[in-house]
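Novice: Input file: my_file17.csv. Contents: CSV, C-alpha atoms.
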chain,number,residue,atom,x,y,z
A,1,MET,CA,0.0,0.0,0.0
A,2,GLN,CA,2.8,2.4,0.9
A,3,GLU,CA,4.6,1.6,-2.3
A,4,ARG,CA,1.5,2.3,-4.3
A,5,VAL,CA,1.0,5.7,-2.6
A,6,GLU,CA,4.7,6.6,-3.2
A,7,ARG,CA,4.4,5.7,-6.9
A,8,THR,CA,1.2,7.7,-7.3
A,9,LEU,CA,2.8,10.7,-5.6
A,10,LEU,CA,5.9,10.4,-7.8
A,11,ARG,CA,4.0,10.2,-11.0
A,12,GLY,CA,1.7,13.1,-10.0
A,13,GLY,CA,4.4,15.2,-8.4
A,14,LEU,CA,6.8,15.3,-11.4
A,15,PRO,CA,4.4,17.0,-13.8
A,16,VAL,CA,3.3,19.4,-11.1
A,17,GLY,CA,6.9,20.2,-10.4
A,18,ALA,CA,7.6,20.7,-14.1
A,19,VAL,CA,4.8,23.2,-14.4
A,20,LEU,CA,5.9,25.0,-11.2
A,21,ALA,CA,9.4,25.2,-12.5
A,22,ALA,CA,8.3,26.7,-15.8
A,23,LEU,CA,6.2,29.3,-14.0
A,24,ILE,CA,9.1,30.2,-11.8
A,25,VAL,CA,11.3,30.8,-14.9
A,26,GLY,CA,8.4,32.8,-16.4
A,27,GLY,CA,8.2,34.9,-13.2
A,28,ALA,CA,11.9,35.6,-13.4
A,29,LEU,CA,11.6,36.8,-17.0
A,30,VAL,CA,8.7,39.1,-16.1
A,31,SER,CA,10.7,40.4,-13.1
A,32,ALA,CA,13.5,41.3,-15.5
A,33,LEU,CA,11.1,43.6,-17.3
A,34,GLY,CA,10.2,45.4,-14.1
A,35,VAL,CA,6.8,43.8,-13.6
A,36,SER,CA,5.6,42.0,-10.5
A,37,PRO,CA,5.3,38.2,-11.3
A,38,TRP,CA,2.2,38.1,-9.1
A,39,ASP,CA,0.6,40.9,-11.0
A,40,ALA,CA,1.5,39.2,-14.3
A,41,ALA,CA,0.0,35.9,-13.1
A,42,THR,CA,-3.2,37.4,-11.9
A,43,THR,CA,-3.5,39.5,-15.1
A,44,VAL,CA,-3.1,36.4,-17.3
A,45,ALA,CA,-5.6,34.5,-15.2
A,46,THR,CA,-8.1,37.3,-15.3
A,47,ALA,CA,-7.7,38.0,-19.0
A,48,GLY,CA,-7.9,34.3,-20.0
A,49,PHE,CA,-10.4,32.8,-17.6
A,50,ALA,CA,-12.5,35.5,-16.0
A,51,CYS,CA,-16.1,36.2,-17.0
A,52,ASP,CA,-18.3,39.2,-16.2
A,53,PRO,CA,-21.6,40.5,-17.6
A,54,ARG,CA,-19.8,42.9,-20.0
A,55,TYR,CA,-17.4,40.5,-21.6
A,56,CYS,CA,-16.6,36.8,-20.9
A,57,ASN,CA,-12.9,36.2,-21.4
A,58,LEU,CA,-13.5,32.5,-20.6
A,59,GLY,CA,-15.8,32.3,-23.7
A,60,GLY,CA,-12.9,33.4,-25.9
A,61,THR,CA,-10.6,30.9,-24.3
A,62,LEU,CA,-13.1,28.0,-24.9
A,63,ALA,CA,-13.7,29.1,-28.5
A,64,LEU,CA,-9.9,29.1,-29.1
A,65,GLY,CA,-9.5,25.9,-27.3
A,66,ALA,CA,-11.9,23.8,-29.4
A,67,PRO,CA,-9.7,23.4,-32.5
A,68,ILE,CA,-6.6,22.9,-30.3
A,69,MET,CA,-8.4,20.1,-28.4
A,70,PHE,CA,-9.3,18.3,-31.7
A,71,CYS,CA,-5.7,18.5,-32.9
A,72,ALA,CA,-4.5,17.3,-29.6
A,73,LEU,CA,-6.8,14.3,-29.7
A,74,GLY,CA,-5.5,13.5,-33.1
A,75,ALA,CA,-1.9,13.5,-31.8
A,76,VAL,CA,-3.0,11.4,-28.8
A,77,VAL,CA,-4.4,8.6,-31.0
A,78,ASN,CA,-1.3,8.7,-33.2
A,79,LEU,CA,1.3,8.6,-30.4
A,80,ARG,CA,-0.5,6.0,-28.3
A,81,SER,CA,-0.6,3.7,-31.3
A,82,GLY,CA,3.1,3.9,-32.1
A,83,LEU,CA,2.7,6.3,-35.0
A,84,PHE,CA,4.9,9.2,-34.3
A,85,SER,CA,3.3,11.6,-36.8
A,86,ILE,CA,3.3,15.3,-36.2
A,87,GLY,CA,1.2,16.1,-39.3
A,88,GLN,CA,-1.7,17.7,-37.4
A,89,GLU,CA,-1.0,21.1,-38.8
A,90,GLY,CA,-1.5,20.0,-42.4
A,91,GLN,CA,-4.6,17.9,-41.5
A,92,TYR,CA,-6.1,20.9,-39.7
A,93,ALA,CA,-5.4,23.2,-42.6
A,94,LEU,CA,-6.9,21.0,-45.3
A,95,GLY,CA,-9.8,19.9,-43.1
A,96,GLY,CA,-10.7,23.6,-42.6
A,97,LEU,CA,-10.5,24.2,-46.4
A,98,ALA,CA,-12.7,21.2,-47.1
A,99,ALA,CA,-15.3,22.5,-44.6
A,100,ALA,CA,-15.2,26.0,-46.2
A,101,VAL,CA,-15.7,24.6,-49.7
A,102,VAL,CA,-18.7,22.4,-48.8
A,103,GLY,CA,-20.1,25.2,-46.6
A,104,SER,CA,-20.0,27.7,-49.5
A,105,ALA,CA,-20.6,25.5,-52.5
A,106,ALA,CA,-23.2,23.0,-51.3
A,107,SER,CA,-26.7,23.7,-50.2
A,108,ALA,CA,-28.5,21.8,-47.4
A,109,PRO,CA,-30.9,22.3,-44.5
A,110,THR,CA,-29.6,24.0,-41.4
A,111,GLY,CA,-29.2,20.9,-39.3
A,112,ILE,CA,-27.6,18.8,-42.1
A,113,HIS,CA,-25.2,21.3,-43.7
A,114,PRO,CA,-22.8,21.6,-40.8
A,115,ALA,CA,-22.7,17.8,-40.5
A,116,LEU,CA,-21.8,17.6,-44.2
A,117,CYS,CA,-19.0,20.2,-43.8
A,118,LEU,CA,-17.6,18.4,-40.8
A,119,LEU,CA,-17.8,15.1,-42.6
A,120,ALA,CA,-15.8,16.5,-45.5
A,121,ALA,CA,-13.2,18.0,-43.0
A,122,ALA,CA,-12.8,14.6,-41.3
A,123,ALA,CA,-12.5,12.7,-44.6
A,124,VAL,CA,-9.8,15.1,-46.0
A,125,GLY,CA,-8.0,15.0,-42.7
A,126,ALA,CA,-8.1,11.3,-42.5
A,127,ALA,CA,-6.8,10.9,-46.1
A,128,TRP,CA,-3.9,13.3,-45.4
A,129,GLY,CA,-3.2,11.6,-42.0
A,130,VAL,CA,-3.0,8.1,-43.3
A,131,VAL,CA,-0.2,8.9,-45.7
A,132,PRO,CA,2.6,8.7,-43.1
A,133,ALA,CA,1.1,5.4,-41.8
A,134,ILE,CA,1.1,3.9,-45.3
A,135,LEU,CA,4.6,5.0,-46.1
A,136,LYS,CA,5.9,3.8,-42.8
A,137,LEU,CA,4.3,0.4,-43.0
A,138,PHE,CA,5.0,-0.5,-46.6
A,139,LEU,CA,8.1,1.5,-47.6
A,140,GLY,CA,9.8,2.0,-44.2
A,141,VAL,CA,9.7,5.8,-44.4
A,142,ASN,CA,10.3,7.7,-41.2
A,143,GLU,CA,6.9,9.1,-40.2
A,144,LEU,CA,8.4,12.2,-38.5
A,145,ILE,CA,10.1,13.3,-41.6
A,146,ILE,CA,7.2,12.6,-44.0
A,147,SER,CA,4.7,14.4,-41.7
A,148,ILE,CA,6.9,17.5,-41.5
A,149,ILE,CA,7.1,17.5,-45.3
A,150,LEU,CA,3.3,16.9,-45.6
A,151,ASN,CA,2.7,19.9,-43.3
A,152,THR,CA,4.7,22.2,-45.6
A,153,MET,CA,2.9,20.7,-48.7
A,154,ALA,CA,-0.5,21.3,-47.1
A,155,GLY,CA,0.3,24.9,-46.3
A,156,LEU,CA,1.5,25.6,-49.8
A,157,LEU,CA,-1.5,23.8,-51.4
A,158,LEU,CA,-3.9,25.8,-49.2
A,159,ASN,CA,-2.3,29.1,-50.1
A,160,TYR,CA,-2.4,28.2,-53.8
A,161,LEU,CA,-6.1,27.2,-53.7
A,162,VAL,CA,-7.1,30.2,-51.7
A,163,ASN,CA,-5.3,32.6,-54.0
A,164,TYR,CA,-6.4,31.1,-57.3
A,165,PRO,CA,-9.1,28.5,-57.9
A,166,LEU,CA,-11.1,29.2,-54.7
A,167,ARG,CA,-10.4,32.9,-54.4
A,168,ALA,CA,-13.6,34.9,-53.6
A,169,GLU,CA,-12.6,38.3,-55.0
A,170,ALA,CA,-9.6,40.4,-55.7
A,171,SER,CA,-7.9,41.7,-52.6
A,172,THR,CA,-4.5,42.0,-51.0
A,173,VAL,CA,-5.0,38.7,-49.2
A,174,GLY,CA,-6.6,35.6,-50.7
A,175,TYR,CA,-9.6,34.1,-49.1
A,176,THR,CA,-12.5,31.8,-50.0
A,177,ARG,CA,-16.2,32.6,-50.2
A,178,THR,CA,-18.0,33.0,-46.9
A,179,ILE,CA,-19.9,29.8,-45.9
A,180,ALA,CA,-23.7,29.8,-46.0
A,181,ASP,CA,-25.6,30.6,-42.9
A,182,THR,CA,-27.0,27.1,-42.9
A,183,ALA,CA,-23.5,25.7,-42.5
A,184,LYS,CA,-22.5,27.8,-39.4
A,185,LEU,CA,-22.3,26.2,-36.0
A,186,PRO,CA,-24.6,27.7,-33.3
A,187,VAL,CA,-22.8,30.3,-31.2
A,188,PHE,CA,-23.8,30.9,-27.6
A,189,ASP,CA,-21.8,34.1,-27.2
A,190,PRO,CA,-21.4,36.2,-30.4
A,191,SER,CA,-18.8,38.5,-28.9
A,192,THR,CA,-16.4,35.6,-28.2
A,193,LYS,CA,-17.6,33.0,-30.8
A,194,PHE,CA,-18.0,30.5,-28.0
A,195,GLY,CA,-20.6,27.9,-29.1
A,196,LEU,CA,-21.2,24.4,-30.2
A,197,ALA,CA,-17.7,23.9,-31.5
A,198,PHE,CA,-16.4,23.6,-27.9
A,199,VAL,CA,-19.2,21.2,-27.0
A,200,LEU,CA,-18.2,19.0,-29.9
A,201,ALA,CA,-14.6,19.1,-28.7
A,202,VAL,CA,-15.6,17.9,-25.2
A,203,ILE,CA,-17.7,15.1,-26.7
A,204,ALA,CA,-14.6,14.1,-28.8
A,205,CYS,CA,-12.4,14.0,-25.7
A,206,ILE,CA,-14.9,11.6,-24.0
A,207,GLY,CA,-15.2,9.5,-27.2
A,208,VAL,CA,-11.5,9.2,-27.7
A,209,TRP,CA,-11.0,8.2,-24.0
A,210,PHE,CA,-13.7,5.6,-24.3
A,211,TYR,CA,-12.3,4.3,-27.6
A,212,LEU,CA,-8.8,3.9,-26.3
A,213,SER,CA,-9.7,2.6,-22.8
A,214,ARG,CA,-12.9,0.6,-23.2
A,215,THR,CA,-12.9,-0.9,-26.7
A,216,THR,CA,-11.1,-3.9,-28.3
A,217,PHE,CA,-9.7,-1.8,-31.2
A,218,GLY,CA,-8.5,0.9,-28.7
A,219,TYR,CA,-6.7,-1.8,-26.6
A,220,GLU,CA,-5.0,-3.2,-29.8
A,221,GLN,CA,-3.8,0.3,-30.7
A,222,ARG,CA,-2.4,1.0,-27.2
A,223,MET,CA,-0.7,-2.4,-27.1
A,224,SER,CA,0.7,-1.9,-30.6
A,225,GLY,CA,2.3,1.4,-29.4
A,226,GLU,CA,3.3,0.5,-25.9
A,227,ALA,CA,4.2,-3.2,-26.1
A,228,THR,CA,4.7,-4.1,-29.7
A,229,ALA,CA,6.3,-7.5,-29.0
A,230,PHE,CA,3.4,-8.5,-26.7
A,231,ALA,CA,0.8,-7.3,-29.2
A,232,ARG,CA,2.5,-9.4,-31.9
A,233,TYR,CA,2.7,-12.5,-29.6
A,234,ALA,CA,-1.0,-12.1,-28.8
A,235,GLY,CA,-2.0,-12.1,-32.5
A,236,MET,CA,-2.8,-8.4,-32.8
A,237,SER,CA,-2.2,-6.7,-36.1
A,238,ALA,CA,0.2,-3.8,-35.7
A,239,THR,CA,-0.4,-2.9,-39.4
A,240,SER,CA,-4.2,-2.3,-39.0
A,241,ALA,CA,-3.6,-0.5,-35.7
A,242,VAL,CA,-1.2,2.0,-37.3
A,243,LEU,CA,-3.5,2.5,-40.3
A,244,ARG,CA,-6.5,3.1,-37.9
A,245,ALA,CA,-4.4,5.6,-36.0
A,246,GLY,CA,-3.5,7.5,-39.2
A,247,LEU,CA,-7.1,7.6,-40.2
A,248,ILE,CA,-8.7,8.5,-36.9
A,249,GLY,CA,-5.9,10.9,-35.9
A,250,GLY,CA,-6.1,12.7,-39.2
A,251,ALA,CA,-9.9,12.9,-39.0
A,252,LEU,CA,-9.8,14.5,-35.6
A,253,ALA,CA,-7.3,17.1,-36.7
A,254,GLY,CA,-9.3,17.8,-39.8
A,255,LEU,CA,-12.4,18.3,-37.6
A,256,GLY,CA,-10.3,20.9,-35.7
A,257,GLY,CA,-10.0,22.9,-38.9
A,258,GLY,CA,-13.7,22.3,-39.6
A,259,VAL,CA,-15.0,23.7,-36.3
A,260,GLN,CA,-12.7,26.7,-36.6
A,261,VAL,CA,-14.2,27.6,-40.0
A,262,LEU,CA,-17.8,26.8,-39.1
A,263,GLY,CA,-17.7,28.3,-35.7
A,264,ALA,CA,-15.5,31.3,-35.9
A,265,ASN,CA,-13.8,32.2,-39.2
A,266,TYR,CA,-16.6,31.3,-41.7
A,267,ARG,CA,-14.0,31.2,-44.5
A,268,VAL,CA,-10.4,30.2,-45.0
A,269,ILE,CA,-7.9,33.0,-45.4
A,270,GLU,CA,-4.3,32.8,-46.7
A,271,GLY,CA,-2.2,31.8,-43.8
A,272,PHE,CA,-5.0,29.7,-42.1
A,273,SER,CA,-2.2,27.2,-41.3
A,274,ASP,CA,-1.2,29.2,-38.3
A,275,GLY,CA,0.3,26.6,-35.9
A,276,THR,CA,-2.9,25.4,-34.3
A,277,GLY,CA,-2.0,21.8,-35.3
A,278,LEU,CA,1.4,22.0,-33.7
A,279,THR,CA,-0.1,23.6,-30.6
A,280,GLY,CA,-2.4,20.6,-30.4
A,281,LEU,CA,0.6,18.3,-30.6
A,282,THR,CA,2.3,20.1,-27.7
A,283,ALA,CA,-1.0,20.0,-25.7
A,284,ALA,CA,-1.1,16.2,-26.3
A,285,ILE,CA,2.5,15.8,-25.0
A,286,LEU,CA,1.9,18.0,-22.0
A,287,GLY,CA,-1.3,16.2,-21.2
A,288,GLY,CA,0.5,12.9,-21.0
A,289,THR,CA,-0.8,11.6,-24.3
A,290,THR,CA,-4.2,11.0,-22.7
A,291,ALA,CA,-7.5,12.2,-24.1
A,292,ILE,CA,-8.7,14.0,-21.0
A,293,GLY,CA,-5.3,15.4,-20.2
A,294,ALA,CA,-4.9,16.7,-23.7
A,295,GLY,CA,-8.3,18.4,-23.6
A,296,VAL,CA,-7.6,20.1,-20.3
A,297,VAL,CA,-4.1,21.2,-21.4
A,298,GLY,CA,-5.7,22.5,-24.7
A,299,ILE,CA,-8.0,24.7,-22.7
A,300,LEU,CA,-5.1,25.8,-20.5
A,301,TYR,CA,-3.0,26.6,-23.5
A,302,ALA,CA,-5.8,28.6,-25.0
A,303,GLY,CA,-6.3,30.5,-21.8
A,304,ILE,CA,-2.6,31.4,-21.4
A,305,THR,CA,-2.5,32.5,-25.1
A,306,VAL,CA,-5.6,34.8,-24.7
A,307,GLY,CA,-4.3,36.0,-21.3
A,308,ALA,CA,-0.8,36.7,-22.8
A,309,VAL,CA,-2.3,38.8,-25.6
A,310,ASN,CA,-5.1,40.6,-23.7
A,311,GLY,CA,-3.4,40.7,-20.3
A,312,LEU,CA,0.4,40.8,-20.6
A,313,GLN,CA,0.8,42.6,-23.8
A,314,ILE,CA,-2.1,45.1,-23.8
A,315,MET,CA,-2.5,45.8,-20.1
A,316,LEU,CA,1.1,45.4,-18.7
A,317,GLY,CA,3.1,46.0,-21.8
A,318,VAL,CA,4.9,42.6,-21.5
A,319,PRO,CA,5.7,40.8,-24.7
A,320,ARG,CA,3.2,37.9,-25.3
A,321,GLU,CA,6.1,35.7,-26.3
A,322,ILE,CA,6.8,35.2,-22.6
A,323,GLY,CA,3.6,33.1,-22.3
A,324,SER,CA,4.7,30.9,-25.3
A,325,THR,CA,8.2,30.6,-23.7
A,326,VAL,CA,6.6,29.3,-20.4
A,327,LEU,CA,4.5,26.8,-22.3
A,328,ALA,CA,7.5,25.6,-24.3
A,329,LEU,CA,9.5,25.2,-21.1
A,330,MET,CA,6.7,23.2,-19.6
A,331,ILE,CA,6.8,20.8,-22.5
A,332,VAL,CA,10.6,20.4,-22.2
A,333,LEU,CA,10.4,19.7,-18.5
A,334,VAL,CA,7.5,17.2,-18.9
A,335,ALA,CA,9.5,15.4,-21.6
A,336,ILE,CA,12.4,15.1,-19.2
A,337,GLN,CA,10.1,13.6,-16.5
A,338,ALA,CA,9.7,10.2,-18.2
A,339,PRO,CA,13.4,9.1,-18.1
A,340,LEU,CA,13.7,10.9,-14.7
A,341,GLN,CA,10.8,8.9,-13.3
A,342,LYS,CA,12.4,5.6,-14.5
A,343,ARG,CA,15.7,6.5,-12.8
A,344,ILE,CA,13.9,7.3,-9.6
A,345,GLU,CA,11.9,4.1,-9.7
A,346,ARG,CA,15.0,2.0,-10.4
A,347,ALA,CA,16.8,3.7,-7.4
A,348,ARG,CA,13.8,3.0,-5.2
A,349,GLU,CA,13.7,-0.6,-6.4
A,350,ARG,CA,17.4,-1.1,-5.6
A,351,ARG,CA,16.9,0.3,-2.1
A,352,ARG,CA,13.9,-2.0,-1.5
A,353,THR,CA,15.9,-5.0,-2.7
A,354,ASN,CA,18.9,-4.1,-0.5
A,355,ARG,CA,16.5,-3.8,2.5
A,356,ARG,CA,15.1,-7.2,1.8
A,357,LEU,CA,18.5,-8.7,1.5
A,358,ASP,CA,19.6,-7.1,4.7
A,359,ALA,CA,16.5,-8.4,6.5
A,360,GLY,CA,17.2,-11.9,5.1
A,361,THR,CA,20.8,-12.1,6.1
A,362,ARG,CA,20.5,-11.0,9.7
A,363,PRO,CA,18.4,-13.9,10.9
A,364,SER,CA,20.7,-16.4,9.2
A,365,THR,CA,23.7,-14.8,10.9
A,366,GLU,CA,22.1,-15.0,14.3
A,367,GLN,CA,21.1,-18.6,13.7
A,368,ALA,CA,24.7,-19.5,12.8
A,369,GLU,CA,25.9,-17.9,16.0
A,370,VAL,CA,23.4,-19.9,18.1
A,371,HIS,CA,24.4,-23.2,16.5
A,372,ALA,CA,28.0,-22.3,17.0
As structure tokens, what does this structure read like?
Specialist:
Amino acid sequence: MQERVERTLLRGGLPVGAVLAALIVGGALVSALGVSPWDAATTVATAGFACDPRYCNLGGTLALGAPIMFCALGAVVNLRSGLFSIGQEGQYALGGLAAAVVGSAASAPTGIHPALCLLAAAAVGAAWGVVPAILKLFLGVNELIISIILNTMAGLLLNYLVNYPLRAEASTVGYTRTIADTAKLPVFDPSTKFGLAFVLAVIACIGVWFYLSRTTFGYEQRMSGEATAFARYAGMSATSAVLRAGLIGGALAGLGGGVQVLGANYRVIEGFSDGTGLTGLTAAILGGTTAIGAGVVGILYAGITVGAVNGLQIMLGVPREIGSTVLALMIVLVAIQAPLQKRIERARERRRTNRRLDAGTRPSTEQAEVHA
């Protein structure tokens, strides 16, 4: 019982310590600019998570968090299945473009049109996301390298389509036509664009958690990623698990672009590929590659981003990049915790073994003296 409690405290304490260490460094950076760290922290919290009758900052955070959560879930499915793909940015961009095209070109009733747009976003995201899986399985291509290349290709393809075949009108910046009103997702707070997109993201978090934790396919994917030899010995198909991961992960990231277009932007502008997919990847890593953890960290990341812009930069005159620096440092420290945790557990195991050996040798020595 004591060992279980110590193990739980160790696994929970290391991430908390990583976050606190990153916040301390952020406080030192803010202090160097002549601003109180406490004032900076309260300003970020208020600007990112407060809500009053005039304007609800929390609504803006949740609206920004929805696409991040979808991209984070896509990364979770990939990483937990042994597919180290970081192509969420390209899947997000092309998924959003597909939703914009169906939303502006097709006509359908109000309740069906958004579903068609999201289905198109998921399909395009899945098609783009399965490419690294296919190349890895059948050609031995490193999925990290190919996913980076696919992200660049997706960004270039999106900018070309937005500026030429899908361009709405002549302007300094290319953009598609605005989607029809029937394709827009319901919005609860028009001032912040907080609406159904966030609800869908929460449902997706629960769905991915249930899939990975409570279904046979999800178990196969987790075993294929965490214990490949065991999965192969048990007769599980690592090939199908990786292909499913590419399809499901890509569909989720594509949905992230879809909800951003249908719930906030209502069109795709040149430069739509703005790093949201990579932000989702970092949220997945910081959330321990779990569905619920990734969702929570996605909201936290969105809140810090909003708070850094509206709080640090506008109210205190502190560069918003400090908020991004703190988040990046959190990721680095959390990445370090896995090997650190293994080292600590090995040391604890050696100490326990030594204690057992000492406890076992003392009685035998006393018995030898008695016989003598």
Novice: Might you pull out every residue within 9 Å of A:Ser104, with all atoms listed in the file counted and same-chain residues fewer than 6 positions away left off, and present them as a list in words?
Specialist: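 Counting all atoms listed in the file, the residues come to Thr176, Arg177, Thr178, Ile179, Ala180, Ala183 and Arg267 of chain A.
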Novice: Quick one: residues within 12 Å of A:Asn265, all atoms listed in the file counted, chain neighbours fewer than 6 positions away excluded, as a list of chain:residue names?
Specialist: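 Neighbouring residues, sequence-local ones excluded: A:Ala63, A:Leu64, A:Pro67, A:Gly96, A:Leu97, A:Ala99, A:Ala100, A:Gly103, A:Tyr175, A:Thr176, A:Arg177, A:Thr178, A:Ile179, A:Lys184, A:Leu185, A:Thr192, A:Lys193, A:Ala197, A:Gly257, A:Gly258, A:Val259, A:Phe272.
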Novice: The residues within 9 Å of (-13.4, 14.4, -23.1), using only C-alpha atoms and the coordinates of the file, should be reported as a PyMOL selection string; which are they?
Specialist: chain A and resi 201-210+291-296
Novice: What is the atom CA of A:Thr282-atom CA of A:Asn159 distance in Å, reported with one decimal?
Specialist: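 Atom CA of A:Thr282 sits 24.6 Å away from atom CA of A:Asn159.
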Novice: Out of A:Ala170, A:Val130, A:Ala264, A:Met315, which residue has the shortest atom-to-atom distance to A:Pro186 when counting only C-alpha atoms?
Specialist: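 Of the candidates, the smallest distance to A:Pro186 is held by A:Ala264.
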Novice: My list of candidates is A:Thr276, A:Thr182, A:Thr305, A:Gln88. Which is closest to A:Glu321 when distances are computed with all atoms listed in the file?
Specialist: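 Under the stated criterion, the closest residue is A:Thr305.
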Novice: For each of A:Thr172, A:Thr239, A:Thr61, A:Asn151, take the minimum atom-to-atom distance to A:Ile269, counting all atoms listed in the file, then give the residue where this is smallest.
Specialist: A:Thr172
Novice: For a test of reading the model, state the distance in Å between atom CA of A:Ala154 and atom CA of A:Leu137, rounded to one decimal.
Specialist: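 These atoms are spaced 21.8 Å apart.
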Novice: Which one of A:Arg167, A:Gly360, A:Leu312, A:Arg320 sits closest to A:Ser36 if you count all atoms listed in the file?
Specialist: A:Leu312
Novice: How many Å lie between atom CA of A:Val309 and atom CA of A:Tyr266, rounded to one decimal?
Specialist: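 Straight-line distance from atom CA of A:Val309 to atom CA of A:Tyr266 works out to 22.8 Å.
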Novice: Mind listing as a PyMOL selection string all residues within 12 Å of (2.4, 11.9, -23.0), counting only C-alpha atoms?
Specialist: chain A and resi 15+72-73+75-80+84+226+281-294+297+331-332+334-338
Novice: Hey, which of A:Ser85, A:Ser107, A:Asn354, A:Gln91 ends up closest to A:Leu144? Count only C-alpha atoms.
Specialist: A:Ser85
Novice: Leaving out A:Ala45 and any residue of its chain fewer than 5 positions from it, which residues lie within 8 Å of it when counting only C-alpha atoms, given as a list in words?
Specialist: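 Result of the neighbour search: Ala50, Gly303, Ile304 and Gly307 of chain A.
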Novice: How would the residues just picked look written out with C-alpha atoms as a tab-separated table (two decimals), in the frame of the given file?
Specialist:
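Dumped to part-v6.tsv:
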chain	number	residue	atom	x	y	z
A	50	ALA	CA	-12.50	35.50	-16.00
A	303	GLY	CA	-6.30	30.50	-21.80
A	304	ILE	CA	-2.60	31.40	-21.40
A	307	GLY	CA	-4.30	36.00	-21.30
Novice: Of the candidates A:Leu150, A:Met69, A:Ala47, A:Leu327, which one gets nearest to A:Gly280 if we count only C-alpha atoms?
Specialist: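 Looking at the shortest contact to A:Gly280, the residue is A:Met69.
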Novice: Could you give me, as an MDAnalysis selection string, the residues within 12 Å of A:Ile24, counting all atoms listed in the file and dropping anything in the same chain fewer than 5 positions from it?
Specialist: chainID A and resid 17:19 29:31 37:38 41 325:327 329:330
